[in-house]
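Note sheet for the following structure.
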Amino acid sequence: MAEVPAQDRLAALGMKVEYCERAIRAGEAARREATPTEPPTAPGLRDWIARVGMLRHTMITEEGWTPLNHKNMALVVNPGQTIAVGVLAGDAGTGWPAPIKPKSRYPKGQAFANAVAGGDLTLFSNEEAGHPEVLEPETIEALDLWLLLTHRVREGDTVTVFSELSRPQAVSASGYIVDWLDRVILPRLTFEAVVIDDGRDDGSIDVLVEEI
């Protein structure tokens, strides 16, 4: 059976390859705004912020999606309230077809693990953006979580970003996402290497915030 092209698979989710690429390109552009006087992690942090912001902005303006936040998870939800999409750094398995499969580059908190398990995705909207709605419990339970997973590889004067849009299935005891229900492999993107870099090739920085 012929493999379904990525653009067709994303279309079924109400997304486009172009939307994912916009987010990745925005992150790479943001890295170039870092200065030597900023903290060493500034390029990765700028990348992550820009990637999240561009993905949500694109889905809101192009497809009418809604930005929603779950503790430290910045997501965007489709109009039918059936799909939530976020971004995440992956390891070297990102962007490669099966049997290779990725895992999250960093361990995630309990809230993220619960969201993957489908048992506790309590989403609250960004009221400052004019979206004060709260999802009903039955809607939350039916919401499918998808992640724009990326991994940066620097070789000489170029950086290649491997990516996929995938639906996580399992989180290990140590907090890493290790298995996936579905994966859509996206085209690789190549950029000139950034002169100022934090030494991390994941294209993002994950900040864990635990409730007390």
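Residues in the structure tokens are numbered from 1 in each chain, the chains being A, B, ... in the order shown, and ligands are numbered from 1 in the order shown.
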
Residues near Leu55 of chain A, anyone? I mean within 12 Å using only C-alpha atoms, not counting same-chain ones fewer than 4 positions away, as a PyMOL selection string.
chain A and resi 15-27+48-51+59-63+65-67+74-77+84-87+147-148

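The space between atom CA of Ala173 of chain A and atom CA of Trp96 of chain A spans 24.5 Å.
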
Can you tell me, as an MDAnalysis selection string, what residues are no more than 10 Å from Leu149 of chain A when counting only C-alpha atoms, ignoring any on the same chain fewer than 3 positions away?
chainID A and resid 20 86:91 94:95 102:105 146 162:167 183 185:186 202:203

Please indicate the distance in Å from atom CA of Asp47 of chain A to atom CA of Gln81 of chain A, rounded to one decimal place.
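Atom-to-atom, atom CA of Asp47 of chain A to atom CA of Gln81 of chain A, that is 27.4 Å.
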
Atomic separation - atom CA of Ala34 of chain A relative to atom CA of Glu192 of chain A, Å
15.2 Å

Selected residue of minimal separation from Leu145 of chain A among A:Pro168, A:Glu28, A:Pro40, A:Ala12, counting only C-alpha atoms
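Smallest distance to Leu145 of chain A is found for A:Pro168.
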
9 Å contact set for Ser172 of chain A, only C-alpha atoms, chain neighbours under 4 positions out, as a list in words:
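Near neighbours after the sequence-gap exclusion: Pro107, Ala113, Tyr176, Ile177, Val178 and Asp179 of chain A.
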
Which of A:Pro99, A:Gly64, A:Gly80, A:Gly14 sits closest to Trp180 of chain A [using only C-alpha atoms]
A:Pro99
